[in-house]
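File shown: my_file28.cif (mmCIF, C-alpha atoms).
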data_target
loop_
_atom_site.label_atom_id
_atom_site.label_comp_id
_atom_site.auth_asym_id
_atom_site.auth_seq_id
_atom_site.Cartn_x
_atom_site.Cartn_y
_atom_site.Cartn_z
CA MET A 1 -128.98 48.37 44.32
CA VAL A 2 -127.15 48.22 47.66
CA ALA A 3 -128.22 44.62 48.25
CA ILE A 4 -127.24 43.59 44.69
CA ALA A 5 -123.86 45.33 45.05
CA SER A 6 -123.23 43.59 48.38
CA VAL A 7 -123.97 40.18 46.88
CA ARG A 8 -121.71 40.88 43.92
CA VAL A 9 -118.81 42.01 46.13
CA PHE A 10 -119.21 38.88 48.27
CA LYS A 11 -119.22 36.68 45.16
CA ASP A 12 -116.12 38.45 43.76
CA LEU A 13 -114.36 38.05 47.10
CA LEU A 14 -114.97 34.29 47.05
CA LEU A 15 -113.66 34.05 43.47
CA LEU A 16 -110.61 36.12 44.47
CA LEU A 17 -109.85 33.88 47.45
CA LEU A 18 -110.09 30.87 45.13
CA ALA A 19 -107.71 32.61 42.70
CA MET A 20 -105.25 33.21 45.56
CA PHE A 21 -105.35 29.54 46.48
CA LEU A 22 -104.76 28.51 42.85
CA CYS A 23 -101.98 31.09 42.64
CA SER A 24 -100.26 29.49 45.64
CA VAL A 25 -100.44 26.14 43.82
CA VAL A 26 -99.09 27.52 40.55
CA LEU A 27 -96.24 29.69 41.91
CA PHE A 28 -95.38 28.05 45.21
CA ASN A 29 -94.91 24.57 46.56
CA GLU A 30 -97.55 25.05 49.22
CA PRO A 31 -99.93 27.80 50.45
CA SER A 32 -97.75 28.52 53.50
CA GLU A 33 -95.04 29.98 51.23
CA MET A 34 -97.55 32.48 49.83
CA LEU A 35 -98.61 33.43 53.36
CA ALA A 36 -94.96 33.99 54.24
CA LEU A 37 -94.71 36.37 51.27
CA PHE A 38 -97.64 38.38 52.66
CA GLU A 39 -96.20 38.41 56.19
CA GLY A 40 -95.25 41.86 57.33
CA ARG A 41 -97.02 43.60 54.45
CA PRO A 42 -100.75 43.44 55.20
CA ALA A 43 -101.30 46.86 53.61
CA ASP A 44 -100.19 45.48 50.23
CA VAL A 45 -102.74 42.68 50.41
CA PHE A 46 -105.62 44.91 51.57
CA VAL A 47 -104.92 47.52 48.88
CA LEU A 48 -104.63 44.84 46.19
CA VAL A 49 -107.91 43.18 47.21
CA GLY A 50 -109.62 46.58 47.48
CA ILE A 51 -108.44 47.64 44.00
CA ILE A 52 -109.66 44.42 42.39
CA LEU A 53 -113.05 44.37 44.11
CA ALA A 54 -113.68 48.09 43.58
CA SER A 55 -112.67 47.90 39.91
CA PHE A 56 -115.01 45.00 39.22
CA LEU A 57 -117.92 46.58 41.12
CA VAL A 58 -117.65 50.05 39.53
CA VAL A 59 -117.18 48.69 36.02
CA HIS A 60 -120.08 46.27 36.45
CA ILE A 61 -122.43 49.09 37.50
CA ILE A 62 -121.33 51.34 34.61
CA VAL A 63 -121.58 48.60 31.97
CA HIS A 64 -124.90 47.38 33.36
CA TYR A 65 -126.48 50.82 32.95
CA LEU A 66 -124.73 52.05 29.80
CA ALA A 67 -124.56 48.84 27.75
CA PRO A 68 -127.03 46.26 29.05
CA SER A 69 -126.84 43.23 26.77
CA ARG A 70 -126.20 39.50 26.74
CA ASN A 71 -122.48 40.21 26.32
CA ALA A 72 -122.32 42.78 29.13
CA GLY A 73 -120.70 40.26 31.46
CA VAL A 74 -117.85 39.50 29.04
CA LEU A 75 -117.33 43.19 28.26
CA GLY A 76 -117.38 44.09 31.95
CA LEU A 77 -114.87 41.35 32.76
CA ALA A 78 -112.40 42.54 30.12
CA ILE A 79 -112.65 46.20 31.19
CA SER A 80 -112.44 45.29 34.90
CA LEU A 81 -109.23 43.30 34.40
CA LEU A 82 -107.76 46.16 32.37
CA VAL A 83 -108.67 48.75 35.02
CA ALA A 84 -107.41 46.62 37.92
CA SER A 85 -104.10 45.80 36.23
CA ASN A 86 -103.45 49.44 35.29
CA MET A 87 -104.30 50.70 38.78
CA THR A 88 -101.99 48.17 40.46
CA PHE A 89 -99.19 49.05 38.02
CA PHE A 90 -99.65 52.79 38.63
CA ILE A 91 -99.57 52.34 42.43
CA TYR A 92 -96.50 50.06 42.13
CA TRP A 93 -94.80 52.71 39.98
CA GLN A 94 -95.61 55.60 42.33
CA THR A 95 -95.19 53.91 45.76
CA ASP A 96 -93.35 51.08 47.47
CA LEU A 97 -96.46 48.89 47.57
CA PHE A 98 -96.44 45.50 45.80
CA GLU A 99 -92.61 45.38 45.63
CA ARG A 100 -92.56 41.70 46.63
CA LEU A 101 -95.65 40.80 44.64
CA GLU A 102 -94.54 41.69 41.08
CA GLU A 103 -94.63 38.09 39.83
CA MET A 104 -97.76 37.11 41.72
CA ILE A 105 -100.14 39.93 40.70
CA PRO A 106 -100.32 39.14 36.94
CA VAL A 107 -100.91 35.44 37.66
CA LEU A 108 -103.50 36.31 40.31
CA LEU A 109 -105.39 38.58 37.90
CA CYS A 110 -105.32 35.92 35.18
CA LEU A 111 -106.65 33.26 37.54
CA PHE A 112 -109.29 35.65 38.87
CA GLY A 113 -110.33 36.38 35.28
CA LEU A 114 -110.45 32.64 34.57
CA ASN A 115 -112.67 32.06 37.61
CA HIS A 116 -114.98 34.85 36.44
CA THR A 117 -115.12 33.37 32.93
CA LEU A 118 -116.09 29.97 34.31
CA TRP A 119 -118.74 31.66 36.47
CA LEU A 120 -120.20 33.48 33.45
CA LEU A 121 -120.28 30.21 31.48
CA PHE A 122 -122.03 28.49 34.39
CA MET A 123 -124.65 31.24 34.73
CA ALA A 124 -125.32 31.15 30.97
CA ASN A 125 -125.68 27.37 30.78
CA TRP A 126 -126.78 26.17 34.21
CA ARG A 127 -130.23 25.24 32.87
CA LYS A 128 -128.59 22.58 30.69
CA ILE A 129 -126.99 20.81 33.65
CA PRO A 130 -128.99 17.69 34.63
CA GLY A 131 -130.67 18.02 38.01
CA LEU A 132 -130.54 21.81 38.28
CA VAL A 133 -133.71 22.36 36.26
CA HIS A 134 -136.78 20.33 37.18
CA ARG A 135 -138.60 18.96 34.14
CA VAL A 136 -142.33 18.88 34.72
CA VAL A 137 -145.20 16.90 33.22
CA ILE A 138 -148.66 18.33 33.88
CA VAL A 139 -151.45 15.77 34.40
CA GLY A 140 -154.95 17.19 34.53
CA ASN A 141 -157.70 19.05 32.76
CA GLY A 142 -159.36 22.45 32.50
CA GLN A 143 -158.13 25.87 33.53
CA LEU A 144 -156.07 24.61 36.47
CA ALA A 145 -153.85 22.57 34.14
CA GLU A 146 -153.42 25.60 31.87
CA ASP A 147 -152.46 27.72 34.89
CA MET A 148 -149.82 25.19 35.93
CA LYS A 149 -148.33 25.15 32.42
CA LEU A 150 -148.01 28.93 32.54
CA LEU A 151 -146.61 28.80 36.07
CA ALA A 152 -143.84 26.41 35.02
CA ALA A 153 -142.98 28.68 32.09
CA GLN A 154 -142.78 31.72 34.41
CA SER A 155 -140.65 30.07 37.11
CA GLY A 156 -137.44 31.78 36.08
CA GLY A 157 -135.92 28.59 34.70
CA ARG A 158 -136.28 26.57 37.90
CA TYR A 159 -138.99 24.40 36.31
CA GLU A 160 -139.39 23.45 32.66
CA PHE A 161 -142.72 22.34 31.22
CA LYS A 162 -142.14 19.24 29.07
CA ASP A 163 -145.48 17.55 28.42
CA TYR A 164 -149.19 17.55 29.17
CA VAL A 165 -151.39 14.48 29.72
CA GLU A 166 -155.12 15.23 29.74
CA CYS A 167 -157.40 13.19 32.03
CA LEU A 168 -161.05 13.44 31.03
CA SER A 169 -163.98 13.11 33.41
CA GLY A 170 -165.26 9.52 33.43
CA GLU A 171 -162.04 8.16 31.94
CA PHE A 172 -161.14 6.37 35.17
CA ALA A 173 -164.62 5.43 36.36
CA ASP A 174 -163.72 1.77 36.86
CA PRO A 175 -161.04 1.42 39.57
CA VAL A 176 -160.87 -2.37 39.10
CA ALA A 177 -159.95 -1.96 35.44
CA GLN A 178 -157.10 0.35 36.40
CA VAL A 179 -155.58 -2.39 38.56
CA GLU A 180 -156.25 -5.38 36.28
CA ASN A 181 -155.39 -3.63 33.01
CA PRO A 182 -152.97 -0.85 33.99
CA THR A 183 -151.86 1.69 31.41
CA TYR A 184 -148.55 3.51 31.50
CA ARG A 185 -149.08 6.55 29.30
CA ILE A 186 -148.31 9.05 32.10
CA LEU A 187 -145.20 7.14 33.18
CA GLU A 188 -144.06 6.81 29.57
CA ALA A 189 -144.62 10.52 28.97
CA ALA A 190 -142.60 11.39 32.10
CA GLN A 191 -139.78 9.01 31.18
CA ARG A 192 -139.73 10.25 27.59
CA ALA A 193 -139.42 13.83 28.85
CA LYS A 194 -136.90 12.81 31.54
CA ALA A 195 -139.20 14.56 34.01
CA SER A 196 -138.46 14.64 37.71
CA LYS A 197 -141.92 15.87 38.75
CA ILE A 198 -145.55 15.26 37.85
CA VAL A 199 -148.06 17.97 38.75
CA VAL A 200 -151.65 16.75 39.16
CA SER A 201 -153.92 19.63 38.14
CA LEU A 202 -157.54 18.54 37.86
CA THR A 203 -160.23 21.18 37.55
CA GLU A 204 -162.79 18.37 37.24
CA ARG A 205 -161.80 15.51 39.57
CA ARG A 206 -164.87 13.28 39.36
CA GLU A 207 -163.74 9.94 37.87
CA ALA A 208 -160.78 11.76 36.32
CA PHE A 209 -158.03 10.98 38.82
CA PRO A 210 -155.62 8.38 37.34
CA LEU A 211 -154.86 6.69 40.64
CA GLN A 212 -153.01 3.62 39.38
CA GLU A 213 -151.00 5.56 36.79
CA ILE A 214 -149.93 8.17 39.33
CA LEU A 215 -148.97 5.37 41.71
CA ASN A 216 -146.84 3.82 38.94
CA CYS A 217 -145.00 7.12 38.58
CA LYS A 218 -144.53 7.49 42.34
CA LEU A 219 -143.06 3.99 42.65
CA SER A 220 -140.77 4.70 39.69
CA GLY A 221 -139.07 7.51 41.62
CA ILE A 222 -140.87 10.50 40.08
CA GLU A 223 -142.08 13.10 42.57
CA VAL A 224 -145.83 13.69 42.45
CA LEU A 225 -147.17 17.11 43.41
CA GLU A 226 -150.66 18.55 43.51
CA ALA A 227 -151.23 21.96 41.97
CA PRO A 228 -151.29 23.90 45.29
CA GLU A 229 -147.93 22.46 46.34
CA PHE A 230 -146.36 23.22 42.96
CA TYR A 231 -147.79 26.75 43.14
CA GLU A 232 -146.27 27.15 46.61
CA ARG A 233 -142.81 26.02 45.51
CA VAL A 234 -142.72 28.30 42.48
CA ASN A 235 -144.31 31.45 43.95
CA ARG A 236 -143.39 31.05 47.63
CA LYS A 237 -146.97 31.76 48.62
CA LEU A 238 -150.08 29.62 49.06
CA MET A 239 -152.81 28.91 46.50
CA LEU A 240 -155.56 29.56 49.02
CA GLU A 241 -158.47 29.22 46.62
CA LYS A 242 -157.52 25.56 45.93
CA ILE A 243 -156.78 24.60 49.53
CA THR A 244 -159.25 22.78 51.79
CA PRO A 245 -159.34 22.80 55.61
CA SER A 246 -158.10 19.19 55.59
CA TRP A 247 -155.02 20.34 53.68
CA PHE A 248 -154.10 22.62 56.58
CA ILE A 249 -154.55 19.76 59.01
CA PHE A 250 -152.32 17.27 57.20
CA ALA A 251 -149.79 19.63 55.56
CA LYS A 252 -146.25 19.75 56.86
CA GLY A 253 -145.18 22.90 58.65
CA PHE A 254 -147.17 25.40 60.73
CA LYS A 255 -144.84 24.78 63.68
CA ILE A 256 -143.91 27.85 65.72
CA ILE A 257 -143.93 26.02 69.04
CA GLY A 258 -141.65 25.01 71.90
CA ILE A 259 -138.01 25.93 71.56
CA ARG A 260 -138.66 27.77 68.28
CA ARG A 261 -141.05 30.14 70.00
CA PHE A 262 -138.61 30.68 72.89
CA ILE A 263 -135.69 31.47 70.54
CA LYS A 264 -137.88 33.75 68.43
CA ARG A 265 -138.92 35.71 71.54
CA ALA A 266 -135.33 35.92 72.79
CA LEU A 267 -134.16 37.28 69.44
CA ASP A 268 -137.05 39.75 69.41
CA VAL A 269 -135.96 41.18 72.76
CA ILE A 270 -132.24 41.29 71.91
CA LEU A 271 -132.62 42.74 68.42
CA SER A 272 -135.30 45.27 69.35
CA LEU A 273 -133.15 46.56 72.22
CA ALA A 274 -130.17 46.79 69.87
CA GLY A 275 -132.33 48.58 67.29
CA ILE A 276 -133.56 51.13 69.82
CA ILE A 277 -129.98 51.87 70.91
CA ILE A 278 -128.76 52.23 67.30
CA VAL A 279 -131.54 54.58 66.14
CA SER A 280 -131.77 56.63 69.35
CA PRO A 281 -129.46 59.43 68.03
CA ILE A 282 -131.84 60.19 65.13
CA LEU A 283 -135.07 60.10 67.14
CA PRO A 284 -134.88 63.75 68.29
CA LEU A 285 -134.40 64.84 64.66
CA VAL A 286 -137.43 62.83 63.57
CA MET A 287 -139.55 64.33 66.34
CA ILE A 288 -138.48 67.87 65.44
CA GLY A 289 -139.24 67.19 61.77
CA ILE A 290 -142.75 65.98 62.57
CA LYS A 291 -143.47 68.99 64.80
CA LEU A 292 -142.19 71.49 62.23
CA ASP A 293 -144.10 69.87 59.37
CA SER A 294 -147.62 69.76 60.83
CA PRO A 295 -149.44 70.37 64.11
CA GLY A 296 -150.26 67.39 66.29
CA PRO A 297 -148.57 64.74 68.43
CA VAL A 298 -145.30 63.10 67.44
CA LEU A 299 -146.53 59.56 68.09
CA PHE A 300 -149.55 58.02 66.46
CA LYS A 301 -151.45 55.35 68.40
CA GLN A 302 -153.95 52.97 66.85
CA ILE A 303 -155.77 49.77 67.80
CA ARG A 304 -154.72 46.70 65.82
CA VAL A 305 -155.59 42.99 66.03
CA GLY A 306 -152.82 40.73 67.32
CA LYS A 307 -152.27 37.11 68.21
CA GLY A 308 -155.42 35.30 69.30
CA ASP A 309 -157.63 38.06 67.86
CA LYS A 310 -156.71 40.26 70.84
CA ASP A 311 -156.58 44.01 70.30
CA PHE A 312 -153.47 45.99 71.20
CA ILE A 313 -152.19 49.53 70.70
CA ILE A 314 -149.59 49.99 68.00
CA TYR A 315 -147.17 52.95 68.04
CA LYS A 316 -145.84 54.80 65.00
CA PHE A 317 -144.36 58.17 64.21
CA ARG A 318 -147.21 60.28 62.88
CA SER A 319 -146.99 60.62 59.09
CA MET A 320 -150.52 61.92 58.35
CA ARG A 321 -152.44 65.03 59.27
CA GLN A 322 -153.96 64.92 62.72
CA ASP A 323 -157.48 65.04 61.24
CA ALA A 324 -156.75 62.44 58.53
CA GLU A 325 -159.87 60.36 59.21
CA LYS A 326 -162.19 63.09 60.41
CA GLY A 327 -165.50 62.57 58.66
CA SER A 328 -164.38 59.45 56.75
CA GLY A 329 -163.74 56.94 59.51
CA ALA A 330 -161.40 53.99 58.96
CA VAL A 331 -160.26 53.80 55.33
CA TRP A 332 -157.37 52.04 53.56
CA ALA A 333 -154.18 54.03 53.15
CA ARG A 334 -153.55 54.67 49.45
CA GLU A 335 -150.54 55.30 47.26
CA ASN A 336 -149.86 59.05 47.03
CA ASP A 337 -152.39 59.55 49.83
CA ASN A 338 -153.11 63.27 50.18
CA ARG A 339 -153.51 62.82 53.94
CA VAL A 340 -149.77 62.14 54.28
CA THR A 341 -147.63 65.13 55.24
CA ARG A 342 -144.47 66.11 53.35
CA PHE A 343 -142.14 64.85 56.07
CA GLY A 344 -144.48 61.91 56.66
CA ARG A 345 -143.97 60.80 53.05
CA PHE A 346 -140.25 60.50 53.72
CA LEU A 347 -140.92 58.63 56.97
CA ARG A 348 -143.16 56.13 55.18
CA LYS A 349 -140.81 55.63 52.24
CA SER A 350 -137.84 54.94 54.51
CA ARG A 351 -139.98 52.98 57.01
CA ILE A 352 -138.69 55.22 59.81
CA ASP A 353 -142.30 55.71 60.93
CA GLU A 354 -142.28 52.07 62.09
CA ILE A 355 -139.41 52.52 64.59
CA PRO A 356 -141.64 53.01 67.69
CA GLN A 357 -143.01 49.51 67.10
CA LEU A 358 -139.72 48.21 68.52
CA PHE A 359 -141.31 49.05 71.88
CA ASN A 360 -144.33 46.92 70.90
CA VAL A 361 -141.89 44.09 70.30
CA LEU A 362 -140.27 44.61 73.72
CA MET A 363 -143.68 44.55 75.41
CA GLY A 364 -144.53 41.28 73.64
CA SER A 365 -147.55 42.38 71.59
CA MET A 366 -145.56 42.13 68.36
CA SER A 367 -142.59 40.28 66.88
CA LEU A 368 -139.92 41.64 64.56
CA VAL A 369 -141.16 39.33 61.78
CA GLY A 370 -144.74 38.24 61.20
CA PRO A 371 -147.95 39.21 59.40
CA ARG A 372 -148.66 42.93 59.57
CA PRO A 373 -151.47 43.68 62.07
CA GLU A 374 -154.68 45.15 60.67
CA ARG A 375 -157.32 47.36 62.23
CA PRO A 376 -160.36 45.68 63.86
CA GLU A 377 -162.72 47.41 61.42
CA PHE A 378 -160.94 45.82 58.46
CA VAL A 379 -160.43 42.44 60.14
CA ARG A 380 -164.16 41.99 60.74
CA ASP A 381 -164.89 42.49 57.04
CA LEU A 382 -161.91 40.51 55.76
CA LYS A 383 -162.84 37.45 57.83
CA LYS A 384 -166.19 37.35 56.02
CA ILE A 385 -164.70 37.75 52.55
CA VAL A 386 -161.19 36.26 52.53
CA PRO A 387 -160.90 32.51 53.22
CA TYR A 388 -158.60 31.52 56.12
CA TYR A 389 -157.96 35.15 57.07
CA ALA A 390 -158.46 34.39 60.77
CA GLU A 391 -155.61 31.82 60.69
CA ARG A 392 -152.99 34.57 60.40
CA HIS A 393 -153.81 35.54 64.02
CA PHE A 394 -152.35 32.31 65.42
CA VAL A 395 -148.92 34.01 65.43
CA LYS A 396 -147.78 37.40 66.64
CA PRO A 397 -147.94 40.22 64.10
CA GLY A 398 -144.64 41.68 62.98
CA ILE A 399 -142.99 44.97 62.12
CA THR A 400 -142.05 43.40 58.81
CA GLY A 401 -143.07 40.19 57.12
CA TRP A 402 -142.85 38.02 54.02
CA ALA A 403 -145.82 39.82 52.45
CA GLN A 404 -144.23 43.23 53.09
CA VAL A 405 -141.01 42.38 51.23
CA CYS A 406 -142.71 40.50 48.38
CA TYR A 407 -145.83 42.53 47.65
CA PRO A 408 -146.49 46.27 47.16
CA TYR A 409 -148.50 48.30 49.62
CA GLY A 410 -152.06 46.92 49.87
CA ALA A 411 -155.15 49.12 49.80
CA SER A 412 -158.05 46.80 48.93
CA VAL A 413 -159.65 43.47 49.74
CA GLU A 414 -157.90 41.96 46.71
CA ASP A 415 -154.54 43.14 48.04
CA ALA A 416 -155.36 41.72 51.48
CA PHE A 417 -156.11 38.33 49.88
CA GLU A 418 -152.85 38.39 47.92
CA LYS A 419 -150.83 39.36 51.01
CA LEU A 420 -152.51 36.57 52.96
CA ARG A 421 -151.00 34.08 50.50
CA TYR A 422 -147.54 35.25 51.60
CA ASP A 423 -148.43 35.43 55.29
CA MET A 424 -149.72 31.86 55.34
CA TYR A 425 -146.62 30.70 53.44
CA TYR A 426 -144.49 32.30 56.16
CA ILE A 427 -146.46 30.65 58.96
CA LYS A 428 -146.28 27.26 57.22
CA ASN A 429 -142.55 27.42 56.47
CA TYR A 430 -141.34 29.33 59.53
CA SER A 431 -137.69 28.99 60.52
CA LEU A 432 -135.12 31.28 62.13
CA TRP A 433 -133.26 31.41 58.81
CA PHE A 434 -136.49 32.56 57.12
CA ASP A 435 -136.80 35.36 59.71
CA PHE A 436 -133.25 36.56 59.01
CA LYS A 437 -133.87 36.41 55.26
CA ILE A 438 -136.93 38.65 55.68
CA MET A 439 -134.97 41.08 57.86
CA PHE A 440 -132.21 41.41 55.24
CA LYS A 441 -134.77 41.93 52.47
CA THR A 442 -136.46 44.57 54.64
CA ILE A 443 -133.19 46.47 54.99
CA SER A 444 -132.86 46.37 51.21
CA VAL A 445 -136.38 47.79 50.82
CA MET A 446 -135.60 50.57 53.30
CA LEU A 447 -132.40 51.50 51.48
CA LYS A 448 -134.25 51.61 48.15
CA LYS A 449 -136.97 53.73 49.78
CA MET A 450 -139.60 51.52 48.26
CA GLY A 451 -141.96 51.80 51.19
CA ARG A 452 -145.07 53.91 50.70
#
Serialized structure, structure tokens:
Amino acid sequence: MVAIASVRVFKDLLLLLLAMFLCSVVLFNEPSEMLALFEGRPADVFVLVGIILASFLVVHIIVHYLAPSRNAGVLGLAISLLVASNMTFFIYWQTDLFERLEEMIPVLLCLFGLNHTLWLLFMANWRKIPGLVHRVVIVGNGQLAEDMKLLAAQSGGRYEFKDYVECLSGEFADPVAQVENPTYRILEAAQRAKASKIVVSLTERREAFPLQEILNCKLSGIEVLEAPEFYERVNRKLMLEKITPSWFIFAKGFKIIGIRRFIKRALDVILSLAGIIIVSPILPLVMIGIKLDSPGPVLFKQIRVGKGDKDFIIYKFRSMRQDAEKGSGAVWARENDNRVTRFGRFLRKSRIDEIPQLFNVLMGSMSLVGPRPERPEFVRDLKKIVPYYAERHFVKPGITGWAQVCYPYGASVEDAFEKLRYDMYYIKNYSLWFDFKIMFKTISVMLKKMGR
């Protein structure tokens, strides 16, 4: 909720600034005249902006929860404008604020409402705008083609399934015939559907790959994707079960080297130091809470597998009973795990138990962002069962990661495989911007107390 509210306030602020600029055009000869009107009365401007933004945010939250519907945006806009105009009038009536802005405020509110209306129309109809939605033609056979159809339908409107061209095994057995007597059914289907992408999804590839037809489409300006790449773009994770070792070799990405590695390490040091300084006032309270809740040490130390398959000691605030694994050995942590203490449950939900890992980052055994490190006992088994699991150890493990913000807490081999899809996507598409995106999403998760 906090993250959504922040995004909405930022969007409203941009629309309000645009309304101010349009207001300067409508009422004044040039923007400098409007700035001169504001000169000497910054309180008026700050109060006005605060009233408008607060009115729109509060009304949006109330309408969203009390009357969620397709028309909630229009209803919320009308109520927000009414609330903002009445509040500004009441303050103007009771104080000396807005005395020089009487003519401007109604025009500003009207223009702000107009900007919001145009935004609502855009959000309701953006899928109809050419180029914003990618029309897709699926070329293939079997279950893989069916999966890609479903994937396009579940892409949140980013991709639209338009047509399916089936390629049967043996249909393209003669490569010479494809060149001498080319057919254009796939190209015609794509052009008829005005498709921008063709997704090749062949469960059975033997003599079923339409090489010449796909080449015709490629040379006609239509992007050609294989199923794993389409899956990656839609889900932002890798389709590991359909990927071969050669794909890893020739695929773009997987570059955390040189200057990127140096900048990543520099940011790790700077941000972890800043984090330690910021949270230091609450650390004594956390330690007291752990001691009062259950007997045992404050810190919990455990061996994990890091970069290059090297073991290291990870530090956490203890959230389980001291004898949590006595008699059972290493087992997956579960949701509503009865080994977790009362205070430990709060620590895990808020992710406060992870704070001591900032010292792991300072020492260089971990990064702020990366795949979560697993225990050696689990890693040995997962390497035998999960394909490409060892490849996640070519980068430093992280306090948070793409899998942590996209997937619930994992407690099985199946969960480990699913999280690996996200980890490998992160390693393939690494960038500093991606790291910051993950950090912001992590803060959102912490504020929602979604951690387990």
- Message: The residues within 12 Å of (-156.0, 18.0, 36.5), using all atoms listed in the file and the coordinates of the file, should be reported as a count of residues only; which are they?
- Response: 37
- Atomic distance CA of Arg236 (chain A) - CA of Val405 (chain A), expressed in Å with one decimal: 12.1 Å
List the residues selected by the PyMOL selection byres ((chain A and resi 299-311) around 6) in the file shown, writing them as a tab-separated table (two decimals) with C-alpha atoms, in the coordinates of the input.
chain	number	residue	atom	x	y	z
A	297	PRO	CA	-148.57	64.74	68.43
A	298	VAL	CA	-145.30	63.10	67.44
A	312	PHE	CA	-153.47	45.99	71.20
A	313	ILE	CA	-152.19	49.53	70.70
A	314	ILE	CA	-149.59	49.99	68.00
A	315	TYR	CA	-147.17	52.95	68.04
A	316	LYS	CA	-145.84	54.80	65.00
A	317	PHE	CA	-144.36	58.17	64.21
A	318	ARG	CA	-147.21	60.28	62.88
A	373	PRO	CA	-151.47	43.68	62.07
A	374	GLU	CA	-154.68	45.15	60.67
A	375	ARG	CA	-157.32	47.36	62.23
A	376	PRO	CA	-160.36	45.68	63.86
A	393	HIS	CA	-153.81	35.54	64.02
A	394	PHE	CA	-152.35	32.31	65.42
A	395	VAL	CA	-148.92	34.01	65.43
A	396	LYS	CA	-147.78	37.40	66.64
A	397	PRO	CA	-147.94	40.22	64.10
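When only C-alpha atoms are used to compute distances to Phe56 (chain A), the closest of the residues A:Thr183, A:Asn360, A:Ser412, A:Ser85 turns out to be A:Ser85.
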- Message: So the first atom is CA of Glu241 (chain A) and the second is CA of Gly398 (chain A); what is the distance between them in Å, to one decimal place?
- Response: 24.8 Å
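Going from CA of Ile52 (chain A) over to CA of Leu81 (chain A), you cover 8.1 Å.
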Generate N, CA and C atoms for region 85-97 of chain A and emit them as a short mmCIF file (atom, residue, chain, number, x, y, z; two decimals), in the frame of the given file.
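What landed in selection26.cif:
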data_model
loop_
_atom_site.label_atom_id
_atom_site.label_comp_id
_atom_site.auth_asym_id
_atom_site.auth_seq_id
_atom_site.Cartn_x
_atom_site.Cartn_y
_atom_site.Cartn_z
N SER A 85 -105.53 45.97 36.52
CA SER A 85 -104.10 45.80 36.23
C SER A 85 -103.40 47.15 36.08
N ASN A 86 -104.06 48.11 35.45
CA ASN A 86 -103.45 49.44 35.29
C ASN A 86 -103.34 50.18 36.62
N MET A 87 -104.35 50.03 37.48
CA MET A 87 -104.30 50.70 38.78
C MET A 87 -103.20 50.11 39.65
N THR A 88 -103.05 48.79 39.66
CA THR A 88 -101.99 48.17 40.46
C THR A 88 -100.61 48.58 39.93
N PHE A 89 -100.48 48.64 38.59
CA PHE A 89 -99.19 49.05 38.02
C PHE A 89 -98.87 50.50 38.37
N PHE A 90 -99.88 51.37 38.32
CA PHE A 90 -99.65 52.79 38.63
C PHE A 90 -99.23 52.95 40.10
N ILE A 91 -99.92 52.24 41.01
CA ILE A 91 -99.57 52.34 42.43
C ILE A 91 -98.18 51.77 42.68
N TYR A 92 -97.84 50.66 42.00
CA TYR A 92 -96.50 50.06 42.13
C TYR A 92 -95.43 51.03 41.64
N TRP A 93 -95.75 51.77 40.57
CA TRP A 93 -94.80 52.71 39.98
C TRP A 93 -94.60 53.94 40.86
N GLN A 94 -95.67 54.36 41.56
CA GLN A 94 -95.61 55.60 42.33
C GLN A 94 -95.25 55.39 43.79
N THR A 95 -95.42 54.18 44.33
CA THR A 95 -95.19 53.91 45.76
C THR A 95 -94.32 52.67 45.92
N ASP A 96 -94.11 52.30 47.21
CA ASP A 96 -93.35 51.08 47.47
C ASP A 96 -94.24 49.88 47.72
N LEU A 97 -95.56 50.02 47.43
CA LEU A 97 -96.46 48.89 47.57
C LEU A 97 -96.21 47.87 46.46
#
